[in-house]
Amino acid sequence: MVRRTLYLPALLLGTLAAAVVACAVALLAVSSEGKATSPGKNGRIAYASIAYASGDQSEPYFGPIYTIKPGGSGKSKVTNGLAPSYSPDGKRIAYATLHNKGNDADIYTIDVGGGGKSKVTTGGPPSYSPDGKRLVFSDLDKTSSKHPGDYEIYTVDARGGDRTQLTHNDKDEFAPSYSPDGKKIAYDAAYDGNDTELYTIDARGGDRTQLTHNDGDEWASDYSPDGKRLVYVGFAGLNIDLAESDIYTINARGGDKTQVTNTDNAYEFDPSYSPDDKKIAYTAGGDIYTINVGGEGKFRVTHTKKKEESEPSWGSRP
């Protein structure tokens, strides 16, 4: 976790997370976002917008969450929070909020129009199951005497209730997302204590499968709507001042790694497939972009000054 804790606060939420290094572990659990894009017609993109109190980045202001058309028009505020994730039918958004000076997180769901807000449980970030009935997320395992304080993978009814713990390890697991058939959950973890890799696990728990085997960090994966591939962030470089992150895809069973973006000296992260499986939304330079899965057709969706736009989730059209 040493490298991961160092890098992700600066990468996953841009200058936001760098400003709250004291809360790095709690922020990591929220900002290391996993999403699941359901197949369908392309709808709007939800994302988080971060500003700062009095221009002081030591005092981050979390939220608001907006939705926007992929072409960049029709921006609409939904609520305040982080890590939005669309429901499969495109009618609700699950998201996380921070409290206790950023040390604790809660999960809520809300209608895309901003009504019907409902608290579900603690933890984050959330991601819907394909049928919309459950959420998968990371949270601290406070019950284990063997390894208390580790982040594990849980599921819960989308309306709240008892949680089901899927992983029971002595390492941290983050950014879970369901496969489109609901049988697998992808997530990332640094089991060897060094670099972060991608894994999958049965949605009911059980043995894990490692998908990536690299020296660099890979994280924040999202299943393609057809379930055949995962899009994720790949980190290159051991020195944060010289490093960059790019967007990649990989076969959902491992292998056949393909690089989608290749921008020198830039951080590109938070990938999310479009419902029609043809494009990927992601974060770069404080704005939301889309790109064809083959790496062409890069398009800048947001153009917001003095804010950090991040964590896109591409919803299907209701």
# chains A, B, ... in the order shown; residues from 1 in each chain; ligands from 1

$ residues_around --residues "A:Gly216" --least-positions-apart "2" --cutoff "8 Å" --atoms "only C-alpha atoms" --output "VMD selection string"
chain A and resid 195 to 196 214 218 234 to 237

$ closest_atom_pairs --of "stretch 282-310 of chain A" --to "stretch 73-88 of chain A" --cutoff "12 Å" --atoms "only C-alpha atoms" --output "tab-separated table"
residue	atom	partner	partner_atom	distance
A:Arg300	CA	A:Ser73	CA	11.6
A:Val301	CA	A:Ser73	CA	8.3
A:Thr302	CA	A:Ser73	CA	8.8
A:His303	CA	A:Ser73	CA	10.8
A:Thr304	CA	A:Lys75	CA	11.2
A:Glu308	CA	A:Leu82	CA	11.8
A:Glu309	CA	A:Leu82	CA	10.6
A:Ser310	CA	A:Ala83	CA	8.4

$ select_by_dssp --residues "stretch 104-177 of chain A" --states "strand (DSSP E or B)" --output "ChimeraX atom specification"
/A:104-111,118-122,127-128,134-140,151-157,163-165,173-177

$ closest_residue --among "A:Thr263, A:Asn169, A:Asn292, A:Ser129" --to "A:Thr155" --atoms "only C-alpha atoms"
A:Ser129

$ residues_around --residues "A:Pro39" --least-positions-apart "5" --cutoff "12 Å" --atoms "only C-alpha atoms" --output "ChimeraX atom specification"
/A:86-90,130-131,179-181,223-227,273-278,314-318

$ write_last_selection --atoms "C-alpha atoms" --output "compact mmCIF listing (two decimals), in the first residue's frame"
# COMPACT_ATOMS: atom_id res chain seq x y z
CA TYR A 86 -25.71 5.42 -12.39
CA SER A 87 -28.31 2.73 -11.78
CA PRO A 88 -28.82 0.31 -14.71
CA ASP A 89 -32.10 1.96 -15.74
CA GLY A 90 -30.53 5.45 -15.66
CA PRO A 130 -27.00 -5.24 -13.10
CA ASP A 131 -30.55 -5.70 -11.77
CA SER A 179 -19.96 -7.73 -14.33
CA PRO A 180 -23.01 -7.20 -16.59
CA ASP A 181 -24.25 -10.73 -15.87
CA TYR A 223 -16.70 -3.66 -17.15
CA SER A 224 -17.68 -3.13 -20.75
CA PRO A 225 -21.46 -3.43 -21.27
CA ASP A 226 -20.99 -6.75 -23.11
CA GLY A 227 -18.88 -8.09 -20.23
CA TYR A 273 -17.67 2.81 -20.71
CA SER A 274 -20.57 4.27 -22.67
CA PRO A 275 -23.72 2.07 -22.64
CA ASP A 276 -23.33 1.36 -26.36
CA ASP A 277 -19.79 0.00 -25.73
CA LYS A 278 -18.21 2.37 -28.28
CA TRP A 314 -21.97 7.14 -18.13
CA GLY A 315 -25.64 6.34 -17.70
CA SER A 316 -28.05 4.68 -20.08
CA ARG A 317 -31.03 6.60 -21.43
CA PRO A 318 -34.11 5.89 -19.25
